[in-house]
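**Student:** Take a look at this one; I'll ask things after.
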Amino acid sequence: MGALSMRLGLGLCLAMVSHLAVAQSLRGSLETGTEVFTQAPAFTSQSDAAVQPYVKLRLQGAAELGPETELVLNSRAVATIFADQKIFGDASEAFLEHRMERYSIRAGMLDERWGFLDAKNPANIFNALDIVEDYQGDVRLGQPGAAFRFVGDSLGFTLLASPMAREQRTPDGRDRLRLTSLPLRNARFENGRWTPSVAARVNLNLENLELAVSHFHGTSREAEFRFDPDAEGPALRPYYRRIDQSALEAQYVLGDYVLRGELIRRQGQTGRSFFGLGVGLERIFYGAFGGTEDLQVYAEAYYDDRPNTAPVTAFQRDISVGGRLIMNNEGSTEFAARSTVDLEGGGSILEFGAAHRVWSDYVLGFNATVPLGGRSDPALAAYRRDTRLRFALTRYF
Amino acid sequence: MPVSFRNILAASACLLSLSLSLDAALAQGDARGRQIASQVSQSDAEYGDEVVEGVLTINGGSRRSFTMNTLEREPGGDRRAVVFHEPRDLAGFVSLNHSEILRPDQQWIYLPQLNRTRRLSARDKTGSFAGSEFSFEDIVRWELEKYDYQYVETVNCGAPKPCETIANIPRYEYSSYSKLVETIDMAILQPRNIKYFDLSGRHFKTLEFFDYRKVGRYWRPARTVMTNHVTNDVSQILWSNYRFGTGLSEADYNAERIERWAR
């Protein structure tokens, strides 16, 4: 699937860039950076290089093909010699859209984002995860399909269909931040990869209250891992079941606070059906320290009663507390910090980040991820030696 | 000297009469202030939608370019989408605002690098717009019903007609201003400058308008300058390419479609 996603991503990118080169808007970024790991890896197969440079290219663009038709591209490619896949590319969006006053139809590679929460979105299910790029699930792979959307004044709905399932991108081989020491082999899809998935979402905006209900029927975007009897030596086989997931999302503005929640019920995964819940609140303090700086703070809690046989999630019974300080200065300096605590195992992940524009189109970035308590927390055991520092210089164009 | 009942009655009548005269004068001032504001409002009405390019510079250095897209709604509650183009790391960042008259606005932002839409609480509008001396409250379009008015004075400002100065008293409970004192060029019915007073009554910012040009039937400035008298910071916006009636619709301002502005 890695080779397929690579071909799919880069092929679509090249095709679309050639269109967009003569069209309206094309923007993107070229990021060069390095990841520094402060400890040797936990597993022998992982790359033991302490310093792992990388290059990342992002392209976003759109071209009007007619008064109501548009071509849209959003893609990325990453190169690093220390990863299992030395070069990876994906088009998270590469679609044609035809739109009318209140309706639109789009077809191609889609990136459908559902959910209101900040740290993790249980309701977000249409696209497969890219856990290599972001183990917390913020980065998704493009999903081939078609979408029909209606936008009313306060009520809207989306209908989605996808002809196939994509495998989630999971760290393997030389990758750091691996979930398990065992290699992953021979992914399987219940009813085959080319079984369609469908989804629908209705959203309602009542000024301060936003609600959405959705249902997904199709192949799970998250893998269950089983021992692979066909592999030479011990290995895990990613297995993707047919599932149904219903979700309720809510967002309410209460004074200076935004309250958010997501509730899901999933059926079809191994074991039994389960539900998951995430709730949170956010506030922005404008001019927090008497100047132009803004401070955003948020806290979110997650509960998920999935059985051990269901796909693993890093957010089963967790609390996440974070903040972002936006200096609003000439260099748009930002600082971010977040702590996610696993209430079951006692482990936690600390994250720090900073970014500053150094020249007109260059941004210098730093972030650090520090897993704590991994020895005693099974959910974080695989990451226990993966304290990571990342330094990057990004040129935006 | 003993105070007789007659003296008390006379003094009371005098005070009552003075109070009524003051009320009448104030009411007359309010009526005149509102009449001037209504004239300004009417001269800017029925534009349908307005699109304009802006280049913001802060203290002559840091530069941000954006497009401001406004949809007029009657009897108020305009829609506005601000789309950033520069610096390039902000390209595609969208701020979408559904203005309310007396209640907090509804506001969303779109983060293009994450392909995520975030709802924000917009009750507090004191936040800095793109790091400038403009706050979100300053960037939201002026609407007649958002303020009470007081006539202040008529001044000669070098224009064909004298300028009128009125005070805009925010009716919005959570406004960060006690008043905005605005001097209006009555020849074109547009402001020459606005002085912002904080909640303690201190004049701390001044917005000046320069180089008005007529676009269709509407007068628009080519340059606006906001000076913060406390920090001495200056933010300037150069405006260009004003367009009216471009065909924007209510559906374009739906939060579900916010990502389209980023393209």
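Starting from 1 in every chain, residues are counted up; chains themselves are A, B, ... following the order of the structure tokens, and ligands are numbered from 1 as listed.
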If we count only C-alpha atoms, what is near Gly373 (chain A) at a cut-off of 9 Å, once residues fewer than 3 positions away on the same chain are taken out, given as a list in words?
**Tutor:** Gly345, Gly346, Gly347, Ser348, Ile349, Ser376, Asp377, Leu380, Ala381 and Arg384 of chain A
**Student:** Export C-alpha atoms of the chosen residues as a PDB file, in the first residue's frame?
**Tutor:**
ATOM      1  CA  GLY A 345      -1.488   3.718  32.844  1.00  0.00           C
ATOM      2  CA  GLY A 346      -0.233   6.914  34.452  1.00  0.00           C
ATOM      3  CA  GLY A 347       2.038   7.795  31.543  1.00  0.00           C
ATOM      4  CA  SER A 348       1.999  11.138  29.801  1.00  0.00           C
ATOM      5  CA  ILE A 349       3.273  12.937  26.738  1.00  0.00           C
ATOM      6  CA  SER A 376       4.732   1.402  33.590  1.00  0.00           C
ATOM      7  CA  ASP A 377       2.160   2.430  30.976  1.00  0.00           C
ATOM      8  CA  LEU A 380       3.241   4.340  25.898  1.00  0.00           C
ATOM      9  CA  ALA A 381       5.669   1.430  26.320  1.00  0.00           C
ATOM     10  CA  ARG A 384       9.395   5.099  26.117  1.00  0.00           C
TER      11      ARG A 384
END
**Student:** Show me, as a tab-separated table, the residues of chain B having an atom within 6 Å of chain A, each with the closest atom pair and its distance in Å, using only C-alpha atoms.
**Tutor:**
residue	atom	partner	partner_atom	distance
B:Ser62	CA	A:Glu330	CA	5.4
B:Arg88	CA	A:Tyr396	CA	5.4
B:Asp89	CA	A:Tyr396	CA	5.6
B:Ser121	CA	A:Asp256	CA	5.4
B:Gly127	CA	A:Tyr286	CA	4.8
B:Ser128	CA	A:Thr292	CA	5.8
B:Gly131	CA	A:Asn328	CA	4.1
B:Arg263	CA	A:Ala62	CA	5.8
**Student:** Take the residues from that selection and write them out as a tab-separated table (two decimals), in the first residue's frame, keeping N, CA, C and O atoms.
**Tutor:**
chain	number	residue	atom	x	y	z
B	62	SER	N	6.81	45.28	9.19
B	62	SER	CA	6.06	44.06	8.95
B	62	SER	C	4.86	44.30	8.03
B	62	SER	O	4.10	45.24	8.21
B	88	ARG	N	3.72	34.61	3.33
B	88	ARG	CA	3.23	33.39	2.68
B	88	ARG	C	2.91	32.29	3.69
B	88	ARG	O	2.12	31.40	3.38
B	89	ASP	N	3.47	32.33	4.89
B	89	ASP	CA	3.10	31.30	5.87
B	89	ASP	C	1.69	31.52	6.39
B	89	ASP	O	1.09	30.62	6.97
B	121	SER	N	-14.92	32.12	20.24
B	121	SER	CA	-15.84	33.00	20.94
B	121	SER	C	-15.49	34.43	20.53
B	121	SER	O	-14.34	34.84	20.62
B	127	GLY	N	-8.97	41.62	20.68
B	127	GLY	CA	-7.77	41.02	20.12
B	127	GLY	C	-7.21	41.82	18.96
B	127	GLY	O	-7.94	42.47	18.22
B	128	SER	N	-5.88	41.75	18.80
B	128	SER	CA	-5.22	42.51	17.74
B	128	SER	C	-5.48	41.85	16.39
B	128	SER	O	-5.38	40.62	16.26
B	131	GLY	N	-1.75	41.40	14.45
B	131	GLY	CA	-0.63	42.02	15.15
B	131	GLY	C	-0.58	43.52	15.04
B	131	GLY	O	0.40	44.15	15.43
B	263	ARG	N	-8.77	29.27	-1.25
B	263	ARG	CA	-8.22	28.80	-2.53
B	263	ARG	C	-7.66	29.94	-3.37
B	263	ARG	O	-8.17	31.04	-3.32
**Student:** Pick out each residue of region 80-202 of chain B that DSSP on the backbone tags as alpha helix (DSSP H); I need them as a list in words.
**Tutor:** Phe136, Glu137, Asp138 and Ile139 of chain B
**Student:** Suppose we keep N, CA, C and O atoms; can you now write the selection as a PDB file, in the first residue's frame?
**Tutor:**
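Written out: part.pdb:
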ATOM      1  N   PHE B 136     -10.157  43.536  16.475  1.00  0.00           N
ATOM      2  CA  PHE B 136     -11.238  42.919  15.705  1.00  0.00           C
ATOM      3  C   PHE B 136     -12.475  43.825  15.698  1.00  0.00           C
ATOM      4  O   PHE B 136     -13.230  43.867  14.735  1.00  0.00           O
ATOM      5  N   GLU B 137     -12.658  44.564  16.783  1.00  0.00           N
ATOM      6  CA  GLU B 137     -13.807  45.480  16.857  1.00  0.00           C
ATOM      7  C   GLU B 137     -13.681  46.587  15.806  1.00  0.00           C
ATOM      8  O   GLU B 137     -14.680  47.053  15.264  1.00  0.00           O
ATOM      9  N   ASP B 138     -12.452  46.999  15.493  1.00  0.00           N
ATOM     10  CA  ASP B 138     -12.248  48.052  14.502  1.00  0.00           C
ATOM     11  C   ASP B 138     -12.451  47.539  13.083  1.00  0.00           C
ATOM     12  O   ASP B 138     -12.782  48.305  12.172  1.00  0.00           O
ATOM     13  N   ILE B 139     -12.200  46.248  12.899  1.00  0.00           N
ATOM     14  CA  ILE B 139     -12.231  45.683  11.549  1.00  0.00           C
ATOM     15  C   ILE B 139     -13.648  45.317  11.127  1.00  0.00           C
ATOM     16  O   ILE B 139     -13.986  45.311   9.952  1.00  0.00           O
TER      17      ILE B 139
END
**Student:** May I have the residues within 9 Å of Glu224 (chain A) as a PDB file with N, CA and C atoms, in the first residue's frame, using only C-alpha atoms and disregarding those fewer than 3 positions away in the same chain?
**Tutor:**
ATOM      1  N   ARG A 237      -0.321  -8.697  11.290  1.00  0.00           N
ATOM      2  CA  ARG A 237      -1.058  -8.419  10.066  1.00  0.00           C
ATOM      3  C   ARG A 237      -2.108  -7.342  10.355  1.00  0.00           C
ATOM      4  N   PRO A 238      -2.030  -6.206   9.699  1.00  0.00           N
ATOM      5  CA  PRO A 238      -3.105  -5.208   9.854  1.00  0.00           C
ATOM      6  C   PRO A 238      -4.380  -5.745   9.205  1.00  0.00           C
ATOM      7  N   TYR A 239      -5.455  -5.681   9.949  1.00  0.00           N
ATOM      8  CA  TYR A 239      -6.729  -6.200   9.439  1.00  0.00           C
ATOM      9  C   TYR A 239      -7.797  -5.114   9.570  1.00  0.00           C
ATOM     10  N   TYR A 240      -8.495  -4.881   8.470  1.00  0.00           N
ATOM     11  CA  TYR A 240      -9.477  -3.791   8.423  1.00  0.00           C
ATOM     12  C   TYR A 240     -10.878  -4.381   8.283  1.00  0.00           C
ATOM     13  N   ARG A 241     -11.684  -4.224   9.314  1.00  0.00           N
ATOM     14  CA  ARG A 241     -13.030  -4.802   9.330  1.00  0.00           C
ATOM     15  C   ARG A 241     -14.044  -3.858   8.710  1.00  0.00           C
ATOM     16  N   GLN A 269     -16.278  -3.919  15.004  1.00  0.00           N
ATOM     17  CA  GLN A 269     -14.898  -4.201  15.331  1.00  0.00           C
ATOM     18  C   GLN A 269     -14.852  -5.498  16.147  1.00  0.00           C
ATOM     19  N   THR A 270     -13.722  -6.185  16.182  1.00  0.00           N
ATOM     20  CA  THR A 270     -13.610  -7.434  16.930  1.00  0.00           C
ATOM     21  C   THR A 270     -14.013  -7.217  18.393  1.00  0.00           C
ATOM     22  N   THR A 309      -9.146  -5.946  21.745  1.00  0.00           N
ATOM     23  CA  THR A 309      -9.012  -6.490  20.398  1.00  0.00           C
ATOM     24  C   THR A 309      -9.300  -5.446  19.320  1.00  0.00           C
ATOM     25  N   ALA A 310      -9.900  -4.332  19.700  1.00  0.00           N
ATOM     26  CA  ALA A 310     -10.215  -3.273  18.729  1.00  0.00           C
ATOM     27  C   ALA A 310      -8.935  -2.507  18.387  1.00  0.00           C
ATOM     28  N   PRO A 311      -8.973  -1.677  17.325  1.00  0.00           N
ATOM     29  CA  PRO A 311      -7.771  -0.914  16.982  1.00  0.00           C
ATOM     30  C   PRO A 311      -7.290  -0.077  18.154  1.00  0.00           C
ATOM     31  N   VAL A 312      -5.965  -0.065  18.326  1.00  0.00           N
ATOM     32  CA  VAL A 312      -5.418   0.674  19.464  1.00  0.00           C
ATOM     33  C   VAL A 312      -5.627   2.170  19.265  1.00  0.00           C
TER      34      VAL A 312
END
**Student:** Leaving out region 301-304 of chain A and any residue of its chain fewer than 2 positions from it, which residues lie within 9 Å of it when counting only C-alpha atoms, given as a list in words?
**Tutor:**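 Once the adjacent positions are removed, what remains is Lys120, Phe274, Phe275, Gly276, Leu277, Gly278, Val279, Gly280, Ala299, Arg306, Thr313, Phe315, Gln316, Arg317, Asp318, Ile319, Ser320 and Val321 of chain A.
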**Student:** With all heavy atoms retained, export the selected residues as a compact mmCIF listing (two decimals), in the first residue's frame.
**Tutor:**
# COMPACT_ATOMS: atom_id res chain seq x y z
N LYS A 120 -7.91 15.49 19.48
CA LYS A 120 -8.26 14.23 18.82
C LYS A 120 -9.74 14.29 18.45
O LYS A 120 -10.54 14.81 19.21
CB LYS A 120 -7.99 13.08 19.80
CG LYS A 120 -8.61 11.75 19.49
CD LYS A 120 -7.76 10.93 18.57
CE LYS A 120 -8.34 9.53 18.37
NZ LYS A 120 -7.65 8.79 17.32
N PHE A 274 -18.60 -0.52 20.84
CA PHE A 274 -18.12 0.32 21.94
C PHE A 274 -18.48 1.78 21.66
O PHE A 274 -18.84 2.13 20.54
CB PHE A 274 -16.62 0.16 22.16
CG PHE A 274 -15.78 0.56 20.98
CD1 PHE A 274 -15.37 1.88 20.82
CD2 PHE A 274 -15.38 -0.37 20.04
CE1 PHE A 274 -14.58 2.25 19.74
CE2 PHE A 274 -14.59 -0.01 18.97
CZ PHE A 274 -14.19 1.31 18.80
N PHE A 275 -18.38 2.57 22.71
CA PHE A 275 -18.60 3.99 22.49
C PHE A 275 -17.40 4.80 22.98
O PHE A 275 -16.61 4.35 23.81
CB PHE A 275 -19.92 4.47 23.12
CG PHE A 275 -19.87 4.68 24.59
CD1 PHE A 275 -19.55 5.92 25.11
CD2 PHE A 275 -20.16 3.64 25.47
CE1 PHE A 275 -19.50 6.12 26.48
CE2 PHE A 275 -20.10 3.83 26.83
CZ PHE A 275 -19.77 5.08 27.34
N GLY A 276 -17.27 5.95 22.44
CA GLY A 276 -16.19 6.85 22.84
C GLY A 276 -16.74 8.24 23.02
O GLY A 276 -17.73 8.62 22.38
N LEU A 277 -16.13 8.99 23.91
CA LEU A 277 -16.61 10.33 24.21
C LEU A 277 -15.42 11.26 24.43
O LEU A 277 -14.45 10.91 25.08
CB LEU A 277 -17.47 10.29 25.49
CG LEU A 277 -17.94 11.63 26.06
CD1 LEU A 277 -19.00 12.25 25.15
CD2 LEU A 277 -18.52 11.43 27.46
N GLY A 278 -15.52 12.42 23.87
CA GLY A 278 -14.51 13.45 24.14
C GLY A 278 -15.21 14.76 24.45
O GLY A 278 -16.19 15.12 23.77
N VAL A 279 -14.79 15.45 25.49
CA VAL A 279 -15.37 16.76 25.83
C VAL A 279 -14.23 17.73 26.12
O VAL A 279 -13.16 17.32 26.57
CB VAL A 279 -16.32 16.70 27.06
CG1 VAL A 279 -17.57 15.91 26.75
CG2 VAL A 279 -15.60 16.11 28.27
N GLY A 280 -14.49 18.99 25.85
CA GLY A 280 -13.42 19.96 26.10
C GLY A 280 -13.93 21.38 26.15
O GLY A 280 -15.10 21.65 25.82
N ALA A 299 -8.65 22.46 27.49
CA ALA A 299 -8.55 21.20 28.23
C ALA A 299 -9.58 20.25 27.63
O ALA A 299 -10.72 20.64 27.35
CB ALA A 299 -8.84 21.42 29.71
N ARG A 306 -13.45 0.80 24.24
CA ARG A 306 -13.20 -0.25 23.25
C ARG A 306 -12.47 -1.43 23.90
O ARG A 306 -11.63 -1.24 24.80
CB ARG A 306 -12.39 0.29 22.08
CG ARG A 306 -10.97 0.69 22.38
CD ARG A 306 -10.28 1.27 21.16
NE ARG A 306 -10.95 2.46 20.67
CZ ARG A 306 -10.79 2.96 19.44
NH1 ARG A 306 -10.00 2.35 18.58
NH2 ARG A 306 -11.41 4.05 19.07
N THR A 313 -5.83 2.85 20.36
CA THR A 313 -5.90 4.31 20.32
C THR A 313 -5.09 4.86 21.48
O THR A 313 -5.04 4.25 22.55
CB THR A 313 -7.35 4.82 20.40
OG1 THR A 313 -7.32 6.24 20.45
CG2 THR A 313 -8.08 4.29 21.63
N PHE A 315 -5.79 7.43 22.95
CA PHE A 315 -6.67 8.32 23.73
C PHE A 315 -7.83 7.54 24.33
O PHE A 315 -8.98 7.81 24.07
CB PHE A 315 -7.23 9.43 22.83
CG PHE A 315 -6.19 10.42 22.42
CD1 PHE A 315 -5.39 10.18 21.32
CD2 PHE A 315 -6.01 11.58 23.13
CE1 PHE A 315 -4.42 11.08 20.93
CE2 PHE A 315 -5.04 12.50 22.76
CZ PHE A 315 -4.25 12.25 21.65
N GLN A 316 -7.53 6.54 25.13
CA GLN A 316 -8.61 5.72 25.65
C GLN A 316 -9.24 6.31 26.91
O GLN A 316 -10.45 6.37 27.00
CB GLN A 316 -8.10 4.30 25.91
CG GLN A 316 -9.18 3.27 25.73
CD GLN A 316 -8.63 1.92 25.31
OE1 GLN A 316 -7.54 1.84 24.77
NE2 GLN A 316 -9.38 0.87 25.58
N ARG A 317 -8.45 6.72 27.83
CA ARG A 317 -8.97 7.42 29.03
C ARG A 317 -7.94 8.49 29.39
O ARG A 317 -7.13 8.30 30.28
CB ARG A 317 -9.18 6.44 30.19
CG ARG A 317 -10.38 5.52 29.98
CD ARG A 317 -10.46 4.42 31.03
NE ARG A 317 -11.53 3.48 30.74
CZ ARG A 317 -11.45 2.48 29.87
NH1 ARG A 317 -10.33 2.29 29.21
NH2 ARG A 317 -12.47 1.67 29.65
N ASP A 318 -7.99 9.55 28.70
CA ASP A 318 -6.92 10.54 28.79
C ASP A 318 -7.45 11.94 29.04
O ASP A 318 -8.60 12.24 28.76
CB ASP A 318 -6.12 10.57 27.48
CG ASP A 318 -5.32 9.31 27.27
OD1 ASP A 318 -5.40 8.42 28.13
OD2 ASP A 318 -4.64 9.21 26.24
N ILE A 319 -6.55 12.78 29.54
CA ILE A 319 -6.84 14.21 29.67
C ILE A 319 -5.73 14.97 28.94
O ILE A 319 -4.54 14.64 29.09
CB ILE A 319 -6.90 14.64 31.15
CG1 ILE A 319 -8.18 14.11 31.79
CG2 ILE A 319 -6.85 16.16 31.27
CD1 ILE A 319 -8.33 14.46 33.25
N SER A 320 -6.13 15.93 28.17
CA SER A 320 -5.16 16.72 27.43
C SER A 320 -5.36 18.20 27.80
O SER A 320 -6.47 18.72 27.70
CB SER A 320 -5.41 16.50 25.93
OG SER A 320 -4.42 17.12 25.18
N VAL A 321 -4.30 18.83 28.22
CA VAL A 321 -4.36 20.25 28.59
C VAL A 321 -3.28 20.98 27.81
O VAL A 321 -2.14 20.54 27.77
CB VAL A 321 -4.12 20.45 30.11
CG1 VAL A 321 -4.20 21.92 30.48
CG2 VAL A 321 -5.12 19.64 30.92
**Student:** Fewer than 5 positions away in the same chain doesn't count, so skip those; otherwise give me all residues within 10 Å of Lys214 (chain B), counting only C-alpha atoms, as a ChimeraX atom specification.
**Tutor:** /B:188,219-221,242
**Student:** Suppose we keep N, CA and C atoms; can you now write the selection as an mmCIF file, in the first residue's frame?
**Tutor:**
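After the write, result_33.cif holds the following:
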data_model
loop_
_atom_site.group_PDB
_atom_site.id
_atom_site.type_symbol
_atom_site.label_atom_id
_atom_site.label_comp_id
_atom_site.auth_asym_id
_atom_site.auth_seq_id
_atom_site.Cartn_x
_atom_site.Cartn_y
_atom_site.Cartn_z
ATOM 1 N N ILE B 188 -18.667 64.333 1.329
ATOM 2 C CA ILE B 188 -18.667 62.967 0.784
ATOM 3 C C ILE B 188 -19.295 61.974 1.767
ATOM 4 N N TRP B 219 -17.722 56.516 -1.946
ATOM 5 C CA TRP B 219 -16.410 57.075 -1.642
ATOM 6 C C TRP B 219 -15.652 56.101 -0.754
ATOM 7 N N ARG B 220 -14.410 55.826 -1.131
ATOM 8 C CA ARG B 220 -13.596 54.914 -0.339
ATOM 9 C C ARG B 220 -12.180 55.474 -0.183
ATOM 10 N N PRO B 221 -11.548 55.280 1.014
ATOM 11 C CA PRO B 221 -10.174 55.781 1.212
ATOM 12 C C PRO B 221 -9.145 54.847 0.567
ATOM 13 N N TYR B 242 -11.113 48.291 -5.145
ATOM 14 C CA TYR B 242 -12.474 48.163 -4.592
ATOM 15 C C TYR B 242 -13.419 47.660 -5.687
#
**Student:** From the list B:Tyr151, B:Phe134, B:Phe197, B:Phe204, which residue is nearest Val230 (chain B) when using only C-alpha atoms?
**Tutor:**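 Closest to Val230 (chain B) of all the choices is B:Phe204.
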**Student:** As a list in words, please: the residues near Gln245 (chain A) (cut-off 7 Å, only C-alpha atoms, same-chain neighbours under 5 positions excluded).
**Tutor:** His215, Phe216, His217, Ile264, Arg265, Arg266 and Gln267 of chain A
**Student:** Which value, in Å to one decimal, gives the distance between CA of Glu250 (chain B) and CA of Gly48 (chain B)?
**Tutor:** 10.9 Å
**Student:** As a ChimeraX atom specification, which residues of region 35-139 of chain A does DSSP assign to strand (DSSP E)?
**Tutor:** /A:35-37,51-66,69-79,87-99,103-110
**Student:** Between A:Ala382, A:Ala83, A:Val51, A:Leu141, single out the one closest to Val36 (chain A), counting only C-alpha atoms.
**Tutor:**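 Among the listed residues, the smallest separation from Val36 (chain A) belongs to A:Val51.
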**Student:** What gap, in Å, lies between CA of Asn228 (chain B) and CA of Lys195 (chain B)?
**Tutor:**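 Separation between CA of Asn228 (chain B) and CA of Lys195 (chain B): 10.3 Å.
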**Student:** Just want the 9 Å neighbourhood of region 168-172 of chain B, counted on only C-alpha atoms, with same-chain residues fewer than 2 positions away dropped. Output as JSON, numbers by chain.
**Tutor:** {"B": [33, 37, 101, 102, 103, 104, 145, 146, 147, 148, 149, 150, 166, 174, 175, 176, 177, 178, 179, 180, 181, 182]}
**Student:** Given the selection you just returned, output its residues as a file containing N, CA, C and O atoms, formatted as a CSV table (one decimal), in the first residue's frame.
**Tutor:**
chain,number,residue,atom,x,y,z
B,33,GLY,N,-26.9,64.0,16.2
B,33,GLY,CA,-25.9,63.1,16.0
B,33,GLY,C,-26.4,61.9,15.2
B,33,GLY,O,-25.7,61.4,14.3
B,37,ALA,N,-25.3,60.4,11.5
B,37,ALA,CA,-24.9,59.0,11.3
B,37,ALA,C,-25.8,58.3,10.3
B,37,ALA,O,-25.3,57.5,9.5
B,101,ILE,N,-25.8,42.8,15.9
B,101,ILE,CA,-25.9,44.2,16.3
B,101,ILE,C,-25.6,44.4,17.7
B,101,ILE,O,-24.6,45.2,18.1
B,102,LEU,N,-26.2,43.7,18.6
B,102,LEU,CA,-26.0,43.9,20.0
B,102,LEU,C,-25.5,42.7,20.7
B,102,LEU,O,-25.0,42.7,21.9
B,103,ARG,N,-25.6,41.5,20.1
B,103,ARG,CA,-25.1,40.3,20.6
B,103,ARG,C,-23.7,40.0,20.1
B,103,ARG,O,-23.3,40.6,19.2
B,104,PRO,N,-22.9,39.1,20.8
B,104,PRO,CA,-21.6,38.8,20.3
B,104,PRO,C,-21.7,38.2,18.8
B,104,PRO,O,-22.7,37.5,18.5
B,145,GLU,N,-27.0,50.8,13.8
B,145,GLU,CA,-27.7,50.4,15.1
B,145,GLU,C,-26.8,49.9,16.2
B,145,GLU,O,-27.2,49.6,17.3
B,146,LYS,N,-25.5,49.8,15.9
B,146,LYS,CA,-24.5,49.4,16.9
B,146,LYS,C,-24.2,50.5,17.9
B,146,LYS,O,-23.5,50.2,18.9
B,147,TYR,N,-24.6,51.7,17.6
B,147,TYR,CA,-24.2,52.8,18.5
B,147,TYR,C,-25.4,53.8,18.8
B,147,TYR,O,-26.3,53.8,18.0
B,148,ASP,N,-25.3,54.5,19.9
B,148,ASP,CA,-26.0,55.7,20.1
B,148,ASP,C,-25.1,56.8,19.7
B,148,ASP,O,-23.9,56.7,19.6
B,149,TYR,N,-25.8,58.0,19.5
B,149,TYR,CA,-25.0,59.1,18.9
B,149,TYR,C,-25.2,60.4,19.7
B,149,TYR,O,-26.3,60.7,20.2
B,150,GLN,N,-24.1,61.2,19.7
B,150,GLN,CA,-24.2,62.5,20.3
B,150,GLN,C,-23.5,63.5,19.3
B,150,GLN,O,-22.4,63.2,18.9
B,166,ILE,N,-19.2,63.8,15.7
B,166,ILE,CA,-20.2,63.1,16.5
B,166,ILE,C,-19.5,62.1,17.4
B,166,ILE,O,-18.5,61.6,17.0
B,174,TYR,N,-20.1,44.5,25.6
B,174,TYR,CA,-18.7,44.1,25.8
B,174,TYR,C,-17.7,44.8,25.0
B,174,TYR,O,-16.6,44.4,24.8
B,175,SER,N,-18.1,46.0,24.5
B,175,SER,CA,-17.2,46.8,23.7
B,175,SER,C,-16.1,47.3,24.5
B,175,SER,O,-16.2,47.5,25.8
B,176,SER,N,-14.9,47.4,23.9
B,176,SER,CA,-13.7,47.9,24.7
B,176,SER,C,-13.6,49.4,24.6
B,176,SER,O,-12.6,49.9,25.1
B,177,TYR,N,-14.6,50.1,24.0
B,177,TYR,CA,-14.5,51.5,24.0
B,177,TYR,C,-15.7,52.2,24.7
B,177,TYR,O,-16.8,51.6,24.8
B,178,SER,N,-15.4,53.3,25.3
B,178,SER,CA,-16.5,54.1,25.9
B,178,SER,C,-17.1,55.0,24.8
B,178,SER,O,-18.3,55.2,24.9
B,179,LYS,N,-16.4,55.4,23.9
B,179,LYS,CA,-16.9,56.2,22.8
B,179,LYS,C,-15.9,56.3,21.6
B,179,LYS,O,-14.7,56.1,21.8
B,180,LEU,N,-16.4,56.5,20.4
B,180,LEU,CA,-15.6,56.8,19.3
B,180,LEU,C,-16.0,58.2,18.8
B,180,LEU,O,-17.2,58.4,18.3
B,181,VAL,N,-15.1,59.1,18.8
B,181,VAL,CA,-15.5,60.5,18.4
B,181,VAL,C,-15.0,60.6,16.9
B,181,VAL,O,-13.8,60.5,16.6
B,182,GLU,N,-16.0,60.9,16.1
B,182,GLU,CA,-15.7,60.7,14.6
B,182,GLU,C,-16.0,62.1,13.9
B,182,GLU,O,-17.0,62.7,14.2
**Student:** Compare B:Asn193, B:Thr246, B:Thr206, B:Ser240 by their minimum atom-to-atom distance to Glu53 (chain B), counting only C-alpha atoms, and give me the closest one.
**Tutor:** B:Ser240
